[in-house]
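Asker: Compact mmCIF, C-alpha atoms and all ligand atoms, saved as query-v5.txt, coming up:
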```txt
# COMPACT_ATOMS: atom_id res chain seq x y z
CA MET A 418 -26.32 -16.56 2.40
CA PRO A 419 -26.53 -12.86 1.48
CA PRO A 420 -28.29 -12.23 -1.85
CA LEU A 421 -26.08 -12.20 -4.95
CA TRP A 422 -26.52 -8.50 -5.60
CA GLN A 423 -24.63 -7.79 -2.40
CA GLU A 424 -21.53 -9.38 -3.87
CA LYS A 425 -21.55 -6.62 -6.47
CA LEU A 426 -21.28 -3.85 -3.88
CA ARG A 427 -18.01 -1.98 -3.40
CA LYS A 428 -16.05 -3.27 -0.41
CA ILE A 429 -13.74 -0.65 1.01
CA THR A 430 -12.31 0.43 4.37
CA PRO A 431 -12.94 4.17 4.76
CA TYR A 432 -10.92 6.86 6.54
CA VAL A 433 -12.13 7.48 10.09
CA PRO A 434 -12.10 11.17 11.07
CA GLY A 435 -11.67 12.42 14.65
CA GLU A 436 -14.82 11.91 16.69
CA GLN A 437 -17.25 14.87 16.57
CA SER A 438 -19.57 15.76 19.44
CA SER A 439 -22.05 18.52 20.20
CA ASN A 440 -21.48 18.30 23.98
CA PRO A 441 -20.82 21.95 24.94
CA GLY A 442 -18.70 20.97 27.96
CA LEU A 443 -16.31 19.00 25.78
CA ILE A 444 -12.69 20.03 25.32
CA LYS A 445 -12.13 18.96 21.75
CA LEU A 446 -8.48 18.44 20.93
CA ASN A 447 -8.85 15.55 18.50
CA ALA A 448 -9.35 16.92 14.99
CA ASN A 449 -6.76 19.70 14.65
CA GLU A 450 -9.46 22.32 14.44
CA ASN A 451 -8.49 25.89 15.28
CA PRO A 452 -9.59 26.99 18.78
CA TYR A 453 -10.20 30.56 17.57
CA PRO A 454 -13.14 31.71 15.45
CA PRO A 455 -12.58 32.77 11.84
CA SER A 456 -11.87 36.40 11.02
CA PRO A 457 -14.70 38.86 11.88
CA ARG A 458 -14.68 39.64 8.15
CA VAL A 459 -16.12 36.18 7.57
CA ARG A 460 -19.09 37.05 9.77
CA GLU A 461 -19.57 40.33 7.86
CA ALA A 462 -19.41 38.50 4.54
CA LEU A 463 -22.01 35.98 5.69
CA GLN A 464 -24.29 38.69 7.07
CA GLY A 465 -24.04 40.61 3.81
CA LEU A 466 -24.83 37.57 1.70
CA ASP A 467 -27.58 37.99 -0.89
CA THR A 468 -29.56 34.83 -0.20
CA GLY A 469 -31.67 35.47 -3.31
CA ALA A 470 -28.58 34.78 -5.38
CA LEU A 471 -28.39 31.25 -3.95
CA ARG A 472 -30.99 30.19 -6.53
CA LEU A 473 -28.18 30.43 -9.08
CA TYR A 474 -25.35 27.93 -9.45
CA PRO A 475 -22.12 29.19 -7.90
CA ASP A 476 -19.21 30.49 -9.98
CA ALA A 477 -17.66 27.19 -11.13
CA ASN A 478 -14.25 28.87 -11.18
CA ALA A 479 -14.60 30.37 -7.69
CA SER A 480 -13.01 33.44 -9.29
CA ARG A 481 -13.28 35.73 -6.28
CA LEU A 482 -11.52 33.32 -3.95
CA ARG A 483 -9.07 32.20 -6.60
CA GLY A 484 -8.19 35.83 -7.29
CA ALA A 485 -7.67 36.54 -3.58
CA LEU A 486 -5.32 33.55 -3.32
CA SER A 487 -3.42 34.31 -6.49
CA SER A 488 -2.57 37.78 -5.14
CA TYR A 489 -1.79 36.35 -1.72
CA TYR A 490 0.71 33.81 -3.09
CA GLY A 491 1.94 35.89 -6.02
CA VAL A 492 0.99 33.28 -8.64
CA LYS A 493 -1.32 33.48 -11.68
CA PRO A 494 -5.04 32.71 -11.16
CA THR A 495 -4.50 29.83 -13.63
CA GLN A 496 -2.08 28.32 -11.09
CA VAL A 497 -4.77 28.11 -8.39
CA PHE A 498 -7.34 25.34 -8.04
CA MET A 499 -10.16 25.47 -5.49
CA GLY A 500 -12.05 22.53 -4.03
CA ASN A 501 -14.51 21.44 -1.41
CA GLY A 502 -11.94 21.01 1.37
CA SER A 503 -8.41 19.83 0.74
CA ASP A 504 -9.57 16.22 1.03
CA ASP A 505 -11.58 16.87 -2.14
CA VAL A 506 -8.57 18.53 -3.78
CA LEU A 507 -6.27 15.67 -2.78
CA ALA A 508 -8.74 13.03 -3.97
CA LEU A 509 -8.93 14.80 -7.33
CA ALA A 510 -5.16 15.12 -7.49
CA PHE A 511 -4.75 11.39 -6.88
CA GLN A 512 -7.17 10.68 -9.74
CA SER A 513 -5.53 13.24 -12.00
CA PHE A 514 -1.85 12.48 -11.47
CA PHE A 515 -1.50 9.02 -9.93
CA CYS A 516 -2.97 7.00 -12.78
CA SER A 517 0.15 5.53 -14.44
CA GLY A 518 -0.32 2.11 -12.84
CA GLN A 519 3.13 2.44 -11.20
CA PRO A 520 3.08 2.46 -7.39
CA ILE A 521 3.12 5.86 -5.73
CA LEU A 522 5.24 6.51 -2.62
CA PHE A 523 4.42 7.97 0.77
CA PRO A 524 5.67 7.42 4.34
CA ASP A 525 4.43 4.52 6.48
CA ILE A 526 3.39 7.07 9.11
CA THR A 527 1.44 9.86 7.47
CA TYR A 528 -2.05 11.17 6.76
CA SER A 529 -4.10 8.00 6.86
CA PHE A 530 -6.39 9.16 4.05
CA TYR A 531 -3.69 8.50 1.41
CA PRO A 532 -3.99 4.69 1.45
CA VAL A 533 -7.79 5.04 1.49
CA TRP A 534 -7.79 7.06 -1.76
CA CYS A 535 -5.37 4.56 -3.27
CA GLY A 536 -7.91 1.85 -2.46
CA LEU A 537 -10.82 3.87 -3.84
CA PHE A 538 -9.04 4.79 -7.09
CA ARG A 539 -7.18 1.47 -7.35
CA THR A 540 -3.84 3.24 -7.30
CA PRO A 541 -0.98 0.93 -6.31
CA TYR A 542 1.28 2.33 -3.58
CA GLU A 543 4.32 1.51 -1.47
CA THR A 544 4.87 2.99 1.96
CA VAL A 545 8.38 4.07 2.92
CA PRO A 546 9.28 3.69 6.61
CA LEU A 547 10.18 6.86 8.49
CA ASP A 548 13.42 6.57 10.47
CA GLY A 549 13.49 6.01 14.25
CA ASN A 550 12.95 9.74 14.84
CA PHE A 551 9.97 9.80 12.47
CA ARG A 552 11.96 11.64 9.81
CA VAL A 553 11.81 11.05 6.05
CA ASN A 554 15.07 10.02 4.41
CA PRO A 555 14.95 11.65 0.97
CA ARG A 556 17.26 8.94 -0.42
CA ASP A 557 14.36 6.47 -0.02
CA TYR A 558 12.53 8.45 -2.71
CA ASP A 559 15.34 8.28 -5.29
CA ARG A 560 13.61 5.73 -7.47
CA PRO A 561 11.11 5.57 -10.28
CA SER A 562 7.52 5.69 -9.05
CA GLY A 563 4.02 6.67 -10.09
CA GLY A 564 4.24 9.78 -7.91
CA VAL A 565 5.08 11.03 -4.43
CA VAL A 566 2.85 12.54 -1.77
CA LEU A 567 4.27 14.00 1.44
CA PRO A 568 2.68 16.26 4.05
CA ASN A 569 5.01 19.00 5.27
CA PRO A 570 4.74 19.27 8.26
CA ASN A 571 3.97 15.57 8.39
CA ALA A 572 0.82 14.29 10.09
CA PRO A 573 0.40 13.03 12.75
CA THR A 574 3.98 13.73 13.87
CA GLY A 575 4.02 17.51 13.28
CA ILE A 576 7.63 17.29 12.11
CA SER A 577 8.51 19.60 9.22
CA GLU A 578 11.37 19.78 6.73
CA GLY A 579 12.92 22.81 5.08
CA ARG A 580 13.76 23.99 1.62
CA ALA A 581 16.81 21.77 1.03
CA PHE A 582 14.79 18.64 1.80
CA ILE A 583 11.89 19.55 -0.52
CA GLU A 584 14.30 20.52 -3.31
CA ASP A 585 16.10 17.22 -2.84
CA ILE A 586 12.82 15.28 -3.24
CA LEU A 587 11.79 17.35 -6.27
CA SER A 588 15.11 17.22 -8.06
CA HIS A 589 15.14 13.41 -7.77
CA ASN A 590 11.51 13.00 -8.88
CA GLN A 591 11.21 14.94 -12.11
CA ASP A 592 9.37 12.17 -13.99
CA CYS A 593 6.25 12.13 -11.83
CA VAL A 594 4.02 14.53 -9.93
CA VAL A 595 5.09 15.37 -6.37
CA ILE A 596 2.29 16.52 -4.06
CA ILE A 597 3.27 18.44 -0.93
CA ASP A 598 0.33 18.58 1.47
CA GLU A 599 0.80 21.80 3.44
CA ALA A 600 -2.28 21.46 5.67
CA TYR A 601 -0.26 22.69 8.69
CA VAL A 602 2.40 24.86 7.09
CA ASP A 603 1.10 28.15 8.53
CA PHE A 604 2.04 27.07 12.06
CA GLY A 605 5.75 27.50 11.51
CA GLY A 606 6.72 25.30 8.56
CA TRP A 607 8.37 26.32 5.32
CA SER A 608 6.00 26.59 2.36
CA CYS A 609 7.42 25.48 -0.97
CA VAL A 610 5.41 28.05 -3.00
CA PRO A 611 8.72 29.68 -4.12
CA LEU A 612 9.65 26.38 -5.83
CA LEU A 613 6.61 26.49 -8.16
CA GLU A 614 8.58 28.60 -10.65
CA GLN A 615 11.20 25.91 -10.98
CA TYR A 616 9.22 22.65 -10.75
CA GLU A 617 6.25 22.21 -13.08
CA ASN A 618 5.52 18.80 -11.56
CA LEU A 619 5.01 20.22 -8.03
CA LEU A 620 1.49 20.43 -6.64
CA ILE A 621 1.02 22.17 -3.27
CA VAL A 622 -2.22 21.49 -1.40
CA GLN A 623 -3.44 23.70 1.44
CA THR A 624 -6.63 23.95 3.49
CA PHE A 625 -8.68 26.64 5.24
CA SER A 626 -9.70 24.10 7.90
CA LYS A 627 -6.78 24.56 10.27
CA SER A 628 -4.93 27.88 10.12
CA ARG A 629 -7.93 29.85 8.82
CA SER A 630 -10.44 28.40 11.32
CA LEU A 631 -12.91 27.35 8.60
CA ALA A 632 -13.24 23.57 8.89
CA GLY A 633 -17.02 24.02 8.93
CA LEU A 634 -17.02 25.47 5.44
CA ARG A 635 -15.13 23.17 3.14
CA ILE A 636 -12.31 25.02 1.42
CA GLY A 637 -9.18 23.49 -0.05
CA VAL A 638 -6.68 24.84 -2.52
CA ALA A 639 -4.00 23.52 -4.85
CA LEU A 640 -1.19 25.60 -6.32
CA GLY A 641 0.83 24.36 -9.25
CA SER A 642 1.90 24.89 -12.84
CA GLU A 643 -0.78 25.81 -15.36
CA THR A 644 -0.52 22.29 -16.81
CA LEU A 645 -1.24 20.59 -13.50
CA ILE A 646 -4.07 23.00 -12.64
CA ALA A 647 -5.67 22.59 -16.09
CA THR A 648 -5.62 18.81 -15.61
CA LEU A 649 -7.27 19.12 -12.18
CA GLU A 650 -9.93 21.39 -13.71
CA ALA A 651 -10.63 18.89 -16.48
CA VAL A 652 -10.98 16.00 -14.03
CA LYS A 653 -13.17 18.08 -11.69
CA ASN A 654 -15.38 19.07 -14.60
CA SER A 655 -15.74 15.39 -15.45
CA TYR A 656 -17.59 14.60 -12.23
CA ASN A 657 -18.95 17.81 -10.66
CA SER A 658 -18.51 21.34 -11.99
CA TYR A 659 -19.71 22.96 -8.77
CA THR A 660 -17.60 21.55 -5.96
CA MET A 661 -17.43 24.94 -4.19
CA ASP A 662 -20.63 26.56 -2.99
CA ALA A 663 -21.29 30.31 -3.20
CA VAL A 664 -21.18 30.79 0.58
CA SER A 665 -17.73 29.24 0.94
CA ILE A 666 -16.38 31.30 -1.95
CA GLU A 667 -17.43 34.59 -0.31
CA ALA A 668 -16.45 33.65 3.24
CA GLY A 669 -13.13 32.18 2.09
CA ALA A 670 -12.19 35.35 0.22
CA ALA A 671 -13.06 37.45 3.28
CA ALA A 672 -10.76 35.24 5.40
CA VAL A 673 -7.84 35.61 2.97
CA GLU A 674 -8.28 39.38 2.91
CA ASP A 675 -7.78 39.63 6.68
CA ASP A 676 -4.12 38.75 6.85
CA ALA A 677 -3.50 40.51 10.18
CA TYR A 678 -6.10 38.34 11.96
CA PHE A 679 -4.75 35.19 10.34
CA ARG A 680 -1.20 35.95 11.46
CA GLU A 681 -2.35 36.78 14.97
CA THR A 682 -4.28 33.52 15.48
CA CYS A 683 -1.40 31.45 14.07
CA ARG A 684 0.98 33.28 16.41
CA LYS A 685 -1.26 32.52 19.40
CA VAL A 686 -1.51 28.81 18.52
CA ILE A 687 2.28 28.60 18.12
CA GLY A 688 2.81 30.31 21.49
CA THR A 689 0.44 27.91 23.25
CA ARG A 690 2.06 24.95 21.50
CA GLU A 691 5.52 25.87 22.74
CA ARG A 692 4.31 26.39 26.30
CA CYS A 693 2.44 23.05 26.27
CA ALA A 694 5.33 21.15 24.74
CA ALA A 695 7.50 22.27 27.66
CA ALA A 696 4.78 21.45 30.22
CA LEU A 697 4.25 17.98 28.71
CA ARG A 698 7.99 17.31 28.83
CA GLY A 699 7.80 18.35 32.48
CA LEU A 700 5.21 15.57 32.98
CA GLY A 701 7.60 13.03 31.49
CA PHE A 702 6.22 12.94 27.93
CA THR A 703 8.48 12.64 24.92
CA VAL A 704 7.24 15.33 22.53
CA CYS A 705 8.04 15.35 18.80
CA PRO A 706 9.27 18.74 17.58
CA SER A 707 6.16 20.29 16.02
CA ASP A 708 5.63 22.98 13.41
CA SER A 709 1.89 22.30 13.36
CA ASN A 710 -1.16 22.99 15.53
CA PHE A 711 -0.80 19.71 17.41
CA LEU A 712 1.73 17.77 19.47
CA PHE A 713 2.58 14.10 19.01
CA VAL A 714 3.59 12.62 22.33
CA THR A 715 4.35 9.38 24.14
CA HIS A 716 4.91 8.60 27.81
CA PRO A 717 7.44 6.01 29.03
CA ALA A 718 5.32 4.98 32.03
CA ALA A 719 1.70 5.14 30.83
CA ARG A 720 0.00 3.53 27.87
CA ALA A 721 -1.31 5.96 25.27
CA ARG A 722 -4.59 4.08 24.98
CA ASP A 723 -5.14 4.34 28.75
CA ILE A 724 -4.35 8.06 28.80
CA PHE A 725 -6.73 8.55 25.88
CA GLU A 726 -9.53 6.74 27.75
CA ALA A 727 -8.83 8.59 31.01
CA MET A 728 -9.02 11.97 29.26
CA ARG A 729 -12.15 10.93 27.40
CA ALA A 730 -13.82 10.07 30.71
CA GLN A 731 -13.12 13.68 31.75
CA ASN A 732 -14.63 15.06 28.54
CA ILE A 733 -11.29 15.86 26.97
CA PHE A 734 -10.95 14.37 23.49
CA ILE A 735 -7.47 13.77 22.14
CA ARG A 736 -6.51 11.41 19.31
CA HIS A 737 -5.13 7.90 19.52
CA PHE A 738 -4.31 5.94 16.37
CA ASN A 739 -4.43 2.19 16.65
CA LEU A 740 -1.74 1.82 13.97
CA PRO A 741 1.63 0.05 13.84
CA ARG A 742 4.59 2.00 15.32
CA ILE A 743 2.40 4.80 16.71
CA ASP A 744 -0.12 2.98 18.88
CA ASN A 745 1.63 4.21 22.01
CA TYR A 746 1.44 7.85 20.86
CA LEU A 747 -1.20 10.53 21.27
CA ARG A 748 -1.92 13.46 19.01
CA ILE A 749 -3.03 16.52 20.93
CA THR A 750 -4.52 19.47 19.06
CA ILE A 751 -3.55 22.89 20.44
CA GLY A 752 -6.62 24.51 21.99
CA THR A 753 -7.02 27.80 23.81
CA GLU A 754 -4.76 28.55 26.79
CA THR A 755 -7.64 27.63 29.15
CA GLU A 756 -8.36 24.34 27.39
CA MET A 757 -4.71 23.38 27.47
CA ASP A 758 -4.44 24.22 31.16
CA LYS A 759 -7.37 21.87 31.84
CA LEU A 760 -5.74 19.14 29.79
CA LEU A 761 -2.40 19.61 31.53
CA SER A 762 -3.93 19.40 34.98
CA ALA A 763 -5.99 16.34 34.00
CA LEU A 764 -2.83 14.67 32.72
CA ALA A 765 -0.89 15.64 35.85
CA GLY A 766 -3.72 14.15 37.95
CA TYR A 767 -3.79 10.93 35.93
CA LEU A 768 -0.03 10.45 36.00
CA GLY A 769 0.02 11.12 39.73
C1 LIG B 801 -6.77 18.09 7.91
C2 LIG B 801 -5.92 17.57 6.79
C3 LIG B 801 -6.35 17.61 5.47
C4 LIG B 801 -7.78 17.88 5.08
O1 LIG B 801 -8.30 19.06 5.35
P1 LIG B 801 -9.73 19.50 4.80
O2 LIG B 801 -10.51 19.80 6.01
O3 LIG B 801 -10.33 18.42 3.96
O4 LIG B 801 -9.40 20.70 3.99
C5 LIG B 801 -5.48 17.23 4.48
N1 LIG B 801 -4.24 16.79 4.76
C6 LIG B 801 -3.80 16.70 6.02
C7 LIG B 801 -2.43 16.20 6.27
C8 LIG B 801 -4.63 17.08 7.07
O5 LIG B 801 -4.23 16.93 8.31
```
Spit out the file's structure as structure tokens when you get a sec.
Answerer:
Amino acid sequence: MPPLWQEKLRKITPYVPGEQSSNPGLIKLNANENPYPPSPRVREALQGLDTGALRLYPDANASRLRGALSSYYGVKPTQVFMGNGSDDVLALAFQSFFCSGQPILFPDITYSFYPVWCGLFRTPYETVPLDGNFRVNPRDYDRPSGGVVLPNPNAPTGISEGRAFIEDILSHNQDCVVIIDEAYVDFGGWSCVPLLEQYENLLIVQTFSKSRSLAGLRIGVALGSETLIATLEAVKNSYNSYTMDAVSIEAGAAAVEDDAYFRETCRKVIGTRERCAAALRGLGFTVCPSDSNFLFVTHPAARARDIFEAMRAQNIFIRHFNLPRIDNYLRITIGTETEMDKLLSALAGYLG
């Protein structure tokens, strides 16, 4: 019998991130990290950092980074919220907006952190099945709910929807907050920032971890109406005023200010993605149309789990989710051209 105090501990099933490894020979295509380094301006910002100033608390408003993003997106600084990675921003948004007690809605196949936060914050939820092509039917969201959260492009499918779809969801969900998680939008999706003017209940969440090559710093952002952002601020300031450290604020602003570099790396990832999608189809894979920095694939003649293990044995990490409906799929992050060539030849070898 375990002691009684153990019965009082929180029991929860956490999110499991993609496996990390420090093996230098590893080809790591399992966590949707960017294969290219961050902008050289980030290095300059870090080298120029006044370490003496680290004795002080950081700017709780992350004003420098917030200002850079407000100019970048053409919104007011009071419409920008910064957090310690977009997982932090999303967790705060769940606590801030999904507290009515009514179930919130999200797809059955989506970012697997959403149900984990619902468990942590005791938010009831209902999952809505994607159709046979892994698409969201907006009609499924025409009903009262505690809120809606959708990634666009969706994860782990990579499939994105356009303006008409997002407007459809928003116009039918005016009595709750709708969160659009745009973690991958810079790789070819449509960002709904232009809809902020019209929908005060829209919260857009983005991250610096993928398209800005800064997963190692933790930088997430939310854009929304002043009312939503003020609520996020109040909730943040009720548990930790300093979620963003001084180093991330400086480096993040430097990354935003180098738009040419950002566009160039996104363009390269998109180019590699399109080439690999074609090559994978050539190997017999079915490849979901992707507007993200990964491909979601299945093979009619080989089990996803077996392919995953075979690649792992060759030091190539890709992602397999042991989840209903997608357990015969693999999610492959787009790496450099060289990394993808190695993956493609390993797959060709395995499939014979
Ligand atoms: C990667 C990812 C995030 C989290 O990114 P952070 O590194 O925490 O900023 C959020 N949503 C989706 C859909 C993601 O794939």
Asker: Pick out the residues sitting within 7 Å of Asn569 (chain A), and hand them over as a ChimeraX atom specification; count only C-alpha atoms, and ignore anything fewer than 4 positions along from it in its own chain.
Answerer: /A:577-578,597-599,602
Asker: Dump the neighbourhood of ligand LIG 801 (chain B) as a ChimeraX atom specification: all residues within 6 Å, distances computed on only C-alpha atoms and all ligand atoms.
Answerer: /A:502-504,528,568,572,598,600,624,626,632,636-637
Asker: Please produce an output containing C-alpha atoms for each residue in the selection, written as an mmCIF file, in the coordinates of the input.
Answerer:
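Wrote part.cif, looks like this:
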```cif
data_model
loop_
_atom_site.group_PDB
_atom_site.id
_atom_site.type_symbol
_atom_site.label_atom_id
_atom_site.label_comp_id
_atom_site.auth_asym_id
_atom_site.auth_seq_id
_atom_site.Cartn_x
_atom_site.Cartn_y
_atom_site.Cartn_z
ATOM 1 C CA GLY A 502 -11.940 21.010 1.370
ATOM 2 C CA SER A 503 -8.410 19.830 0.740
ATOM 3 C CA ASP A 504 -9.570 16.220 1.030
ATOM 4 C CA TYR A 528 -2.050 11.170 6.760
ATOM 5 C CA PRO A 568 2.680 16.260 4.050
ATOM 6 C CA ALA A 572 0.820 14.290 10.090
ATOM 7 C CA ASP A 598 0.330 18.580 1.470
ATOM 8 C CA ALA A 600 -2.280 21.460 5.670
ATOM 9 C CA THR A 624 -6.630 23.950 3.490
ATOM 10 C CA SER A 626 -9.700 24.100 7.900
ATOM 11 C CA ALA A 632 -13.240 23.570 8.890
ATOM 12 C CA ILE A 636 -12.310 25.020 1.420
ATOM 13 C CA GLY A 637 -9.180 23.490 -0.050
#
```
Asker: Determine, counting only C-alpha atoms, every residue of protein, DNA or RNA that lies within 12 Å of (5.1, 9.5, -5.8) in the file coordinates, then give the result as a VMD selection string.
Answerer: chain A and resid 510 to 511 514 to 524 531 535 540 to 545 557 to 567 586 to 587 589 to 597 618 to 620
Asker: From the options A:Leu509, A:Val664, A:Leu443, A:Ala485, which residue's atoms come nearest to Ala470 (chain A), counting only C-alpha atoms?
Answerer: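 Answer, going by the shortest atom-to-atom distance: A:Val664.
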Asker: So, with all atoms listed in the file as the atoms that count, which of A:Leu645, A:Leu471, A:Arg684, A:Leu482 lies closest to Ile621 (chain A)?
Answerer: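 Result for the nearest residue to Ile621 (chain A): A:Leu645.
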Asker: Check the smallest atom-to-atom distance from each of A:Gly669, A:Gly769, A:Pro431, A:Pro420 to Gly484 (chain A) using only C-alpha atoms, then report the winner.
Answerer: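 Nearest to Gly484 (chain A): A:Gly669.
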Asker: Just to confirm, what's the straight-line distance from CA of Thr750 (chain A) to CA of Phe713 (chain A) in Å (one decimal)?
Answerer: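 Here the two named atoms are 8.9 Å from each other.
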